[in-house]
$ cat upload.txt   # compact mmCIF, C-alpha atoms
# COMPACT_ATOMS: atom_id res chain seq x y z
CA MET A 1 -34.29 -2.74 25.10
CA ILE A 2 -30.67 -2.79 26.30
CA ARG A 3 -28.86 0.46 25.39
CA VAL A 4 -25.08 0.15 25.50
CA LEU A 5 -22.97 3.32 25.59
CA GLN A 6 -19.89 2.69 23.45
CA CYS A 7 -17.04 5.07 24.38
CA VAL A 8 -14.64 5.80 21.51
CA ASN A 9 -12.40 8.57 20.21
CA ASN A 10 -14.58 9.04 17.14
CA MET A 11 -16.28 6.88 14.52
CA HIS A 12 -14.11 7.47 11.48
CA ARG A 13 -13.25 4.51 9.26
CA ALA A 14 -10.45 2.74 11.13
CA GLY A 15 -9.83 -0.71 12.56
CA LEU A 16 -11.54 -0.52 15.95
CA GLU A 17 -14.40 1.57 14.60
CA THR A 18 -14.99 -0.77 11.67
CA MET A 19 -14.97 -3.74 14.03
CA LEU A 20 -17.61 -2.06 16.20
CA MET A 21 -19.78 -1.33 13.17
CA ASN A 22 -19.48 -4.96 12.03
CA TYR A 23 -20.93 -6.10 15.37
CA TYR A 24 -23.49 -3.29 15.44
CA ARG A 25 -24.90 -4.25 12.03
CA ARG A 26 -25.28 -7.89 13.10
CA ILE A 27 -26.72 -7.77 16.61
CA ASP A 28 -30.45 -7.95 17.20
CA ARG A 29 -31.17 -4.22 17.44
CA GLU A 30 -34.70 -4.86 18.68
CA GLN A 31 -33.07 -6.15 21.89
CA ILE A 32 -29.73 -4.31 21.99
CA GLN A 33 -28.96 -0.81 20.75
CA PHE A 34 -25.56 0.90 20.57
CA ASP A 35 -25.11 4.61 21.31
CA PHE A 36 -21.71 6.26 20.97
CA LEU A 37 -19.94 8.71 23.26
CA THR A 38 -17.16 10.20 21.13
CA HIS A 39 -14.30 12.48 22.14
CA ARG A 40 -14.00 14.68 19.06
CA PRO A 41 -16.07 17.80 18.32
CA GLU A 42 -16.85 16.90 14.68
CA ARG A 43 -19.08 14.33 13.03
CA ALA A 44 -17.29 11.25 11.72
CA ASP A 45 -17.58 8.80 8.83
CA TYR A 46 -19.95 6.31 10.48
CA ASP A 47 -22.23 8.80 12.30
CA ASP A 48 -24.91 8.84 9.59
CA GLU A 49 -25.09 5.05 9.50
CA ILE A 50 -25.21 4.85 13.31
CA GLU A 51 -28.21 7.17 13.38
CA ALA A 52 -29.88 5.27 10.53
CA LEU A 53 -29.54 2.08 12.60
CA GLY A 54 -31.25 3.77 15.56
CA GLY A 55 -28.19 4.81 17.54
CA LYS A 56 -27.29 8.18 19.06
CA VAL A 57 -23.94 9.96 18.88
CA TYR A 58 -22.72 12.28 21.65
CA TYR A 59 -19.69 14.58 21.46
CA ALA A 60 -17.67 14.93 24.66
CA PRO A 61 -14.64 17.26 25.02
CA ARG A 62 -11.32 15.90 23.79
CA LEU A 63 -9.26 14.02 26.35
CA TYR A 64 -6.46 16.55 26.60
CA PRO A 65 -4.99 17.11 30.08
CA GLN A 66 -5.99 20.78 29.99
CA ASN A 67 -9.58 19.74 29.22
CA LEU A 68 -10.05 17.47 32.22
CA PRO A 69 -12.07 19.92 34.39
CA GLU A 70 -14.37 20.61 31.44
CA TYR A 71 -14.54 16.89 30.64
CA ASN A 72 -15.47 15.94 34.20
CA ARG A 73 -18.24 18.56 34.23
CA TYR A 74 -19.53 17.29 30.89
CA MET A 75 -19.62 13.69 32.12
CA ARG A 76 -21.38 14.58 35.39
CA ASN A 77 -24.08 16.40 33.43
CA PHE A 78 -24.22 13.66 30.79
CA PHE A 79 -25.10 10.92 33.26
CA LYS A 80 -27.60 13.17 35.06
CA GLU A 81 -29.35 13.70 31.72
CA HIS A 82 -29.02 10.04 30.64
CA PRO A 83 -29.79 7.72 33.56
CA GLU A 84 -30.91 5.11 31.02
CA TYR A 85 -27.36 3.81 30.54
CA LYS A 86 -26.71 0.79 32.74
CA ILE A 87 -23.93 -0.63 30.54
CA MET A 88 -20.99 1.34 29.19
CA HIS A 89 -18.27 -0.21 27.04
CA SER A 90 -15.06 1.77 26.55
CA HIS A 91 -12.57 1.19 23.73
CA ILE A 92 -9.90 3.85 24.24
CA ASP A 93 -7.37 1.64 26.03
CA PRO A 94 -5.74 3.36 29.08
CA MET A 95 -7.76 6.54 28.46
CA SER A 96 -10.88 4.47 29.16
CA TYR A 97 -10.08 5.21 32.78
CA LEU A 98 -11.68 8.65 32.45
CA PRO A 99 -15.15 7.77 31.09
CA LEU A 100 -15.31 4.64 33.26
CA LYS A 101 -14.38 6.65 36.36
CA ALA A 102 -17.16 9.11 35.52
CA GLY A 103 -19.55 6.21 35.03
CA LYS A 104 -18.56 4.72 38.38
CA LYS A 105 -19.19 8.03 40.15
CA ALA A 106 -22.57 8.29 38.43
CA GLY A 107 -23.56 4.78 39.52
CA VAL A 108 -23.47 3.05 36.13
CA PRO A 109 -23.48 -0.58 37.31
CA ILE A 110 -21.71 -2.29 34.37
CA ARG A 111 -18.53 -0.66 33.09
CA ILE A 112 -16.57 -2.62 30.48
CA ALA A 113 -12.95 -1.84 29.61
CA HIS A 114 -11.90 -3.24 26.22
CA SER A 115 -8.22 -3.53 25.30
CA HIS A 116 -7.33 -3.12 21.63
CA ASN A 117 -3.55 -2.77 21.80
CA THR A 118 -0.38 -4.23 23.27
CA SER A 119 1.51 -1.00 23.93
CA ILE A 120 1.05 2.78 24.21
CA ASP A 121 1.86 5.48 21.68
CA LYS A 122 4.78 7.60 22.84
CA ASP A 123 2.93 10.90 22.45
CA MET A 124 2.42 13.86 24.79
CA LYS A 125 -0.03 11.82 26.88
CA TYR A 126 2.31 8.83 27.30
CA TRP A 127 2.94 9.20 31.05
CA LEU A 128 -0.71 10.00 31.70
CA LYS A 129 -1.71 6.85 29.84
CA MET A 130 0.78 4.81 31.84
CA TYR A 131 -0.79 6.14 35.04
CA TYR A 132 -4.32 5.37 33.84
CA ARG A 133 -3.22 1.90 32.75
CA GLU A 134 -2.28 1.13 36.34
CA ARG A 135 -5.66 2.30 37.61
CA ILE A 136 -8.12 1.12 34.98
CA THR A 137 -9.03 -2.07 36.81
CA SER A 138 -10.26 0.07 39.73
CA VAL A 139 -13.02 1.69 37.65
CA ALA A 140 -14.12 -1.18 35.37
CA THR A 141 -16.35 -4.07 36.35
CA ASP A 142 -15.71 -6.28 33.31
CA PHE A 143 -12.73 -6.79 31.00
CA LEU A 144 -12.57 -7.60 27.29
CA ALA A 145 -9.74 -7.71 24.75
CA CYS A 146 -9.26 -8.24 21.03
CA GLY A 147 -6.63 -10.87 21.80
CA GLU A 148 -4.66 -12.52 24.57
CA GLU A 149 -1.66 -10.19 24.42
CA ALA A 150 -3.86 -7.08 24.43
CA GLY A 151 -5.72 -8.28 27.51
CA GLN A 152 -2.54 -9.17 29.38
CA PHE A 153 -1.07 -5.76 28.55
CA LEU A 154 -3.90 -3.62 29.90
CA PHE A 155 -5.37 -5.75 32.67
CA LYS A 156 -2.26 -7.36 34.20
CA GLY A 157 -3.50 -10.39 36.09
CA LYS A 158 -7.23 -9.71 35.85
CA PRO A 159 -9.34 -12.31 34.02
CA PHE A 160 -10.72 -11.10 30.70
CA GLU A 161 -12.70 -12.43 27.74
CA VAL A 162 -11.52 -12.25 24.12
CA ILE A 163 -13.94 -10.78 21.57
CA PRO A 164 -12.51 -11.38 18.06
CA ASN A 165 -12.03 -8.43 15.71
CA ALA A 166 -14.48 -10.06 13.33
CA ILE A 167 -15.48 -8.69 9.95
CA GLU A 168 -18.03 -9.24 7.22
CA LYS A 169 -15.79 -11.36 5.02
CA GLU A 170 -17.80 -11.46 1.78
CA PRO A 171 -16.74 -8.04 0.39
CA PHE A 172 -13.08 -8.99 0.89
CA LEU A 173 -13.00 -12.41 -0.79
CA PHE A 174 -10.65 -12.58 -3.75
CA ASN A 175 -12.22 -11.61 -7.07
CA GLU A 176 -10.13 -11.67 -10.24
CA GLU A 177 -12.41 -9.25 -12.10
CA VAL A 178 -12.34 -6.69 -9.27
CA ARG A 179 -8.55 -7.02 -9.23
CA ARG A 180 -8.34 -6.31 -12.95
CA GLN A 181 -10.66 -3.31 -12.76
CA LYS A 182 -9.01 -1.77 -9.70
CA ARG A 183 -5.50 -2.13 -11.08
CA GLN A 184 -6.65 -0.53 -14.31
CA GLU A 185 -8.24 2.32 -12.35
CA LEU A 186 -4.96 2.87 -10.47
CA GLY A 187 -2.91 2.81 -13.65
CA LEU A 188 -1.26 -0.49 -12.76
CA GLY A 189 -0.30 -3.23 -15.18
CA ASP A 190 1.78 -6.27 -14.31
CA GLU A 191 3.74 -4.62 -11.49
CA LEU A 192 4.43 -6.28 -8.16
CA VAL A 193 2.10 -4.29 -5.89
CA ILE A 194 2.89 -4.01 -2.18
CA GLY A 195 0.12 -2.51 -0.03
CA HIS A 196 -0.47 -1.10 3.43
CA ILE A 197 -3.62 0.27 5.05
CA GLY A 198 -3.41 2.17 8.31
CA ARG A 199 -3.07 5.53 9.96
CA ILE A 200 0.24 7.17 9.02
CA SER A 201 1.49 7.28 12.59
CA TYR A 202 4.37 6.15 14.80
CA GLN A 203 2.64 2.87 15.66
CA LYS A 204 2.32 1.67 12.07
CA ASN A 205 6.02 2.29 11.29
CA HIS A 206 5.66 3.63 7.76
CA ARG A 207 9.33 4.64 7.81
CA LEU A 208 10.37 0.98 7.80
CA LEU A 209 7.60 0.13 5.31
CA VAL A 210 9.02 2.61 2.79
CA GLN A 211 12.59 1.44 3.41
CA ILE A 212 11.51 -2.17 2.82
CA PHE A 213 9.83 -1.18 -0.41
CA SER A 214 12.94 0.69 -1.54
CA GLU A 215 14.87 -2.58 -1.13
CA ILE A 216 12.17 -4.51 -3.00
CA VAL A 217 12.59 -2.09 -5.93
CA LYS A 218 16.29 -3.03 -6.05
CA ILE A 219 15.27 -6.67 -6.49
CA ASN A 220 12.31 -5.99 -8.77
CA PRO A 221 12.27 -2.50 -10.32
CA ASN A 222 8.76 -3.19 -11.66
CA SER A 223 7.15 -2.71 -8.24
CA ARG A 224 4.67 -0.25 -6.74
CA LEU A 225 3.66 0.61 -3.17
CA LEU A 226 0.10 1.60 -2.18
CA ILE A 227 -0.17 3.58 1.06
CA ILE A 228 -3.81 3.92 2.13
CA GLY A 229 -4.55 6.17 5.09
CA VAL A 230 -3.80 9.60 6.51
CA GLY A 231 -2.07 10.75 9.67
CA GLU A 232 0.31 13.05 11.43
CA LYS A 233 3.44 11.42 9.93
CA GLU A 234 2.37 11.78 6.29
CA GLU A 235 4.60 14.74 5.44
CA GLU A 236 7.61 12.99 6.99
CA ILE A 237 6.93 9.79 5.04
CA ARG A 238 6.44 11.67 1.77
CA LYS A 239 9.83 13.32 2.31
CA LEU A 240 11.45 9.94 2.94
CA VAL A 241 9.92 8.56 -0.26
CA ASN A 242 11.36 11.51 -2.16
CA ASP A 243 14.78 11.18 -0.49
CA LEU A 244 14.92 7.49 -1.47
CA GLY A 245 14.15 8.39 -5.08
CA ILE A 246 11.01 6.24 -5.34
CA THR A 247 8.35 8.95 -5.62
CA GLU A 248 7.10 7.65 -8.97
CA LYS A 249 6.63 4.18 -7.52
CA VAL A 250 4.62 5.08 -4.40
CA LEU A 251 0.92 5.97 -4.49
CA PHE A 252 -0.47 7.82 -1.47
CA LEU A 253 -4.19 7.07 -1.78
CA GLY A 254 -5.42 8.83 1.39
CA LYS A 255 -8.61 7.85 3.17
CA ARG A 256 -10.66 5.41 1.07
CA THR A 257 -14.05 3.73 1.21
CA ASP A 258 -13.06 1.00 -1.29
CA VAL A 259 -10.41 -0.79 0.78
CA ASN A 260 -12.01 -4.17 0.09
CA GLU A 261 -11.30 -3.61 -3.61
CA LEU A 262 -7.82 -2.18 -3.02
CA TYR A 263 -6.78 -5.44 -1.35
CA GLN A 264 -7.62 -7.19 -4.62
CA ALA A 265 -5.19 -4.93 -6.49
CA MET A 266 -2.29 -5.83 -4.18
CA ASP A 267 0.11 -8.76 -4.40
CA ALA A 268 1.28 -8.54 -0.77
CA PHE A 269 0.23 -6.75 2.41
CA VAL A 270 3.08 -5.51 4.61
CA MET A 271 2.61 -4.31 8.19
CA PRO A 272 5.85 -3.62 10.12
CA SER A 273 4.09 -2.14 13.17
CA PHE A 274 5.81 -1.35 16.47
CA PHE A 275 2.76 -2.77 18.26
CA GLU A 276 -0.79 -3.94 17.52
CA GLY A 277 -3.73 -5.62 19.14
CA VAL A 278 -5.25 -7.88 16.50
CA PRO A 279 -5.29 -5.60 13.43
CA VAL A 280 -8.59 -5.56 11.56
CA VAL A 281 -6.76 -4.79 8.32
CA GLY A 282 -4.75 -7.97 8.83
CA VAL A 283 -7.98 -9.94 9.08
CA GLU A 284 -9.40 -8.24 5.98
CA ALA A 285 -6.24 -8.87 3.97
CA GLN A 286 -6.20 -12.57 4.83
CA PHE A 287 -9.85 -13.02 3.88
CA SER A 288 -8.89 -11.59 0.48
CA HIS A 289 -6.34 -14.44 0.19
CA LEU A 290 -3.57 -11.84 0.14
CA PRO A 291 -0.08 -12.87 1.31
CA CYS A 292 0.62 -10.96 4.52
CA PHE A 293 3.91 -10.00 6.15
CA PHE A 294 3.67 -8.75 9.74
CA SER A 295 6.31 -7.67 12.20
CA ASP A 296 6.81 -9.97 15.16
CA LYS A 297 5.18 -7.27 17.32
CA VAL A 298 1.81 -8.18 15.76
CA PRO A 299 0.20 -11.00 17.82
CA VAL A 300 0.42 -14.34 16.03
CA GLU A 301 -3.23 -14.99 16.87
CA VAL A 302 -4.17 -12.77 13.89
CA ALA A 303 -2.93 -15.47 11.50
CA PHE A 304 -5.37 -17.87 9.84
CA SER A 305 -3.91 -18.07 6.33
CA GLU A 306 -1.12 -20.31 5.06
CA ALA A 307 0.28 -17.22 3.29
CA THR A 308 0.89 -15.20 6.47
CA SER A 309 4.44 -14.61 7.73
CA PHE A 310 6.04 -12.80 10.67
CA ILE A 311 9.42 -11.08 10.39
CA LYS A 312 11.48 -9.75 13.28
CA LEU A 313 11.06 -6.00 13.62
CA GLU A 314 14.78 -5.50 14.18
CA GLU A 315 15.72 -7.10 10.87
CA ASN A 316 17.04 -4.59 8.34
CA PRO A 317 14.92 -3.55 5.35
CA GLY A 318 16.97 -5.71 2.97
CA VAL A 319 16.16 -8.86 4.97
CA TRP A 320 12.46 -7.95 4.94
CA ALA A 321 12.53 -7.33 1.19
CA LYS A 322 14.27 -10.62 0.37
CA ALA A 323 11.90 -12.57 2.63
CA ILE A 324 8.87 -11.01 0.97
CA VAL A 325 10.07 -11.56 -2.61
CA ASP A 326 11.29 -15.12 -1.92
CA THR A 327 8.07 -16.09 -0.12
CA LEU A 328 5.85 -14.71 -2.88
CA ALA A 329 7.74 -16.80 -5.43
CA LYS A 330 6.91 -20.01 -3.54
CA LEU A 331 3.22 -19.46 -2.74
CA PRO A 332 0.36 -21.11 -4.65
CA ASP A 333 -1.96 -19.08 -6.85
CA ARG A 334 -3.84 -16.58 -4.75
CA LYS A 335 -7.22 -18.23 -5.21
CA ASP A 336 -5.72 -21.48 -3.89
CA ILE A 337 -4.33 -20.03 -0.64
CA ARG A 338 -5.95 -21.91 2.27
CA LEU A 339 -7.62 -20.21 5.23
CA THR A 340 -7.89 -22.21 8.43
CA ASP A 341 -10.20 -20.42 10.89
CA ASN A 342 -13.61 -18.73 10.96
CA ARG A 343 -13.35 -16.95 14.34
CA TYR A 344 -12.93 -13.64 12.51
CA ASP A 345 -16.11 -14.11 10.46
CA ILE A 346 -18.74 -11.78 11.95
CA ASN A 347 -21.51 -14.21 10.99
CA GLU A 348 -19.98 -16.67 13.46
CA SER A 349 -18.73 -14.26 16.14
CA TYR A 350 -21.39 -11.58 16.71
CA ILE A 351 -23.43 -13.89 18.92
CA VAL A 352 -20.59 -13.93 21.50
CA LEU A 353 -20.92 -10.19 22.16
CA GLU A 354 -24.71 -10.24 21.95
CA ASP A 355 -24.94 -13.01 24.55
CA MET A 356 -22.48 -11.23 26.82
CA TYR A 357 -24.61 -8.06 26.89
CA LYS A 358 -27.72 -10.11 27.63
CA GLN A 359 -26.00 -11.94 30.48
CA LEU A 360 -24.70 -8.71 32.00
CA ASN A 361 -28.11 -7.10 31.71
CA ALA A 362 -29.72 -10.07 33.44
CA LYS A 363 -27.62 -9.29 36.53
CA LEU A 364 -29.14 -5.82 36.93
$ encode --input "upload.txt" --output "structure tokens"
Amino acid sequence: MIRVLQCVNNMHRAGLETMLMNYYRRIDREQIQFDFLTHRPERADYDDEIEALGGKVYYAPRLYPQNLPEYNRYMRNFFKEHPEYKIMHSHIDPMSYLPLKAGKKAGVPIRIAHSHNTSIDKDMKYWLKMYYRERITSVATDFLACGEEAGQFLFKGKPFEVIPNAIEKEPFLFNEEVRRQKRQELGLGDELVIGHIGRISYQKNHRLLVQIFSEIVKINPNSRLLIIGVGEKEEEIRKLVNDLGITEKVLFLGKRTDVNELYQAMDAFVMPSFFEGVPVVGVEAQFSHLPCFFSDKVPVEVAFSEATSFIKLEENPGVWAKAIVDTLAKLPDRKDIRLTDNRYDINESYIVLEDMYKQLNAKL
């Protein structure tokens, strides 16, 4: 049995975490088992399922600068107590430097750094992350990325392998009856429904999203915006919605477990992010045959639908709104939108990661 220690922030329902669970459900768990080292003190959304699938969840101290002495002590003791881990796989971008450094000191022979983004949040740890980004290749033995741009960003010149952010596509495929039921449940009729799923944070750029929607309302007053997710910018975005006078047209739906059905209720998915790796929600939305509008800071490799467009981030909200409304008017019926690639189908892609773990283990 190969036990792989997956290092994450936590296992709440979000893009990276959902991607990991998609792979975890598919791999041969009689040969490969995932355990999770998290960096939050509380249990998370997927913890029960992880344990039901045979995995373990550990709770390390948060990666705050003031916690580093405590964190280093925890990791020294962790690897003394768990010498069984020969492969660790870290998904926290530049902050992966810390668990991988601890693994290197403890003699863990295979230490994988996995890049999931193309930039760094400008938060209180920004300069620390920039420092760790420069040093991460000194503590990892192997390098993975969700896409080409993400790998080039974090590993600068080092060779890496791309592991697609694959999903189980079947729950997301377009279903007219689910669409009807979900719109009825949300109190929607024949409105034009714009949707977004993602943490309400700087990266996702909800401020521009709301401004775009405000311009769409000027073109088509019979429009609604669904914002699915929670985050530190929520209060700010709610205030902006109120200031723009569109409170009655915007539904803040919070954290949801029915996102596959919420895609069906939408008419367009809009993601004006400042930066992304390959967004899982973008993959999900395309599998639901939903027209998608991404900023040009989202890597083009996410696209596999004829109804996917990229708009320059610096364009003003009115340009975005007109492009969205004009494009929607020209597209075929949703059920007829063509998809062109299966690399993001977990049934095709899980074997890539499974084989990689087996090959790495064979070197031990």
$ residues_around --input "upload.txt" --residues "Val162 (chain A)" --least-positions-apart "3" --cutoff "7 Å" --atoms "all atoms listed in the file" --output "VMD selection string"
chain A and resid 144 to 148
$ residues_around --input "upload.txt" --residues "region 206-217 of chain A" --least-positions-apart "6" --cutoff "8 Å" --atoms "all atoms listed in the file" --output "ChimeraX atom specification"
/A:194,200,223,225,237,240-241,244,246,270-272,317-318,320-322,325
$ atom_distance --input "upload.txt" --atom1 "CA of Met75 (chain A)" --atom2 "CA of Ala102 (chain A)"
6.2 Å
$ residues_around --input "upload.txt" --residues "Ser309 (chain A)" --least-positions-apart "5" --cutoff "10 Å" --atoms "all atoms listed in the file" --output "JSON, numbers by chain"
{"A": [270, 291, 292, 293, 294, 295, 296, 300, 303, 323, 324, 327]}
$ residues_around --input "upload.txt" --residues "Leu100 (chain A)" --least-positions-apart "4" --cutoff "9 Å" --atoms "all atoms listed in the file" --output "list in words"
Met88, His89, Ser90, Ser96, Lys104, Lys105, Val108, Arg111, Ile112, Ala113, Ile136, Val139 and Ala140 of chain A
$ write_last_selection --input "upload.txt" --atoms "C-alpha atoms" --output "CSV table (one decimal), in the frame of the given file"
chain,number,residue,atom,x,y,z
A,88,MET,CA,-21.0,1.3,29.2
A,89,HIS,CA,-18.3,-0.2,27.0
A,90,SER,CA,-15.1,1.8,26.6
A,96,SER,CA,-10.9,4.5,29.2
A,104,LYS,CA,-18.6,4.7,38.4
A,105,LYS,CA,-19.2,8.0,40.2
A,108,VAL,CA,-23.5,3.0,36.1
A,111,ARG,CA,-18.5,-0.7,33.1
A,112,ILE,CA,-16.6,-2.6,30.5
A,113,ALA,CA,-13.0,-1.8,29.6
A,136,ILE,CA,-8.1,1.1,35.0
A,139,VAL,CA,-13.0,1.7,37.6
A,140,ALA,CA,-14.1,-1.2,35.4
$ residues_around --input "upload.txt" --residues "Glu176 (chain A)" --least-positions-apart "2" --cutoff "12 Å" --atoms "all atoms listed in the file" --output "PyMOL selection string"
chain A and resi 172-174+178-183+261+263-266+288-289+333-335
$ write_last_selection --input "upload.txt" --atoms "C-alpha atoms" --output "short mmCIF file (atom, residue, chain, number, x, y, z; two decimals), in the frame of the given file"
data_model
loop_
_atom_site.label_atom_id
_atom_site.label_comp_id
_atom_site.auth_asym_id
_atom_site.auth_seq_id
_atom_site.Cartn_x
_atom_site.Cartn_y
_atom_site.Cartn_z
CA PHE A 172 -13.08 -8.99 0.89
CA LEU A 173 -13.00 -12.41 -0.79
CA PHE A 174 -10.65 -12.58 -3.75
CA VAL A 178 -12.34 -6.69 -9.27
CA ARG A 179 -8.55 -7.02 -9.23
CA ARG A 180 -8.34 -6.31 -12.95
CA GLN A 181 -10.66 -3.31 -12.76
CA LYS A 182 -9.01 -1.77 -9.70
CA ARG A 183 -5.50 -2.13 -11.08
CA GLU A 261 -11.30 -3.61 -3.61
CA TYR A 263 -6.78 -5.44 -1.35
CA GLN A 264 -7.62 -7.19 -4.62
CA ALA A 265 -5.19 -4.93 -6.49
CA MET A 266 -2.29 -5.83 -4.18
CA SER A 288 -8.89 -11.59 0.48
CA HIS A 289 -6.34 -14.44 0.19
CA ASP A 333 -1.96 -19.08 -6.85
CA ARG A 334 -3.84 -16.58 -4.75
CA LYS A 335 -7.22 -18.23 -5.21
#
$ axis_aligned_box --input "upload.txt" --around "region 229-246 of chain A" --padding-each-side "4 Å" --output "lines of an AutoDock Vina configuration file"
center_x = 5.2
center_y = 10.5
center_z = 3.0
size_x = 27.5
size_y = 16.6
size_z = 24.8
$ decode --input "upload.txt" --residues "region 341-356 of chain A" --atoms "N, CA and C atoms" --output "short mmCIF file (atom, residue, chain, number, x, y, z; two decimals), in the first residue's frame"
data_model
loop_
_atom_site.label_atom_id
_atom_site.label_comp_id
_atom_site.auth_asym_id
_atom_site.auth_seq_id
_atom_site.Cartn_x
_atom_site.Cartn_y
_atom_site.Cartn_z
N ASP A 341 -12.90 18.42 -25.96
CA ASP A 341 -11.75 17.80 -25.30
C ASP A 341 -12.25 16.97 -24.11
N ASN A 342 -11.58 15.86 -23.83
CA ASN A 342 -11.96 15.05 -22.67
C ASN A 342 -10.86 14.99 -21.61
N ARG A 343 -9.83 15.88 -21.71
CA ARG A 343 -8.73 15.79 -20.75
C ARG A 343 -9.19 16.13 -19.34
N TYR A 344 -10.32 16.84 -19.21
CA TYR A 344 -10.81 17.22 -17.89
C TYR A 344 -11.87 16.25 -17.37
N ASP A 345 -12.04 15.13 -18.04
CA ASP A 345 -12.94 14.07 -17.58
C ASP A 345 -12.14 13.13 -16.67
N ILE A 346 -12.52 13.03 -15.40
CA ILE A 346 -11.75 12.25 -14.43
C ILE A 346 -11.64 10.79 -14.85
N ASN A 347 -12.65 10.29 -15.57
CA ASN A 347 -12.61 8.89 -16.00
C ASN A 347 -11.47 8.63 -16.98
N GLU A 348 -11.00 9.69 -17.65
CA GLU A 348 -9.89 9.57 -18.57
C GLU A 348 -8.56 9.93 -17.90
N SER A 349 -8.59 10.83 -16.91
CA SER A 349 -7.37 11.46 -16.42
C SER A 349 -6.80 10.88 -15.13
N TYR A 350 -7.62 10.18 -14.33
CA TYR A 350 -7.13 9.73 -13.02
C TYR A 350 -5.93 8.80 -13.14
N ILE A 351 -5.87 8.05 -14.23
CA ILE A 351 -4.81 7.06 -14.40
C ILE A 351 -3.44 7.73 -14.49
N VAL A 352 -3.41 9.01 -14.95
CA VAL A 352 -2.13 9.73 -15.05
C VAL A 352 -1.50 9.88 -13.67
N LEU A 353 -2.31 10.34 -12.71
CA LEU A 353 -1.80 10.53 -11.35
C LEU A 353 -1.50 9.19 -10.68
N GLU A 354 -2.36 8.23 -10.88
CA GLU A 354 -2.15 6.91 -10.28
C GLU A 354 -0.83 6.31 -10.76
N ASP A 355 -0.58 6.36 -12.06
CA ASP A 355 0.66 5.82 -12.60
C ASP A 355 1.88 6.57 -12.09
N MET A 356 1.74 7.89 -11.92
CA MET A 356 2.87 8.67 -11.44
C MET A 356 3.27 8.23 -10.04
#
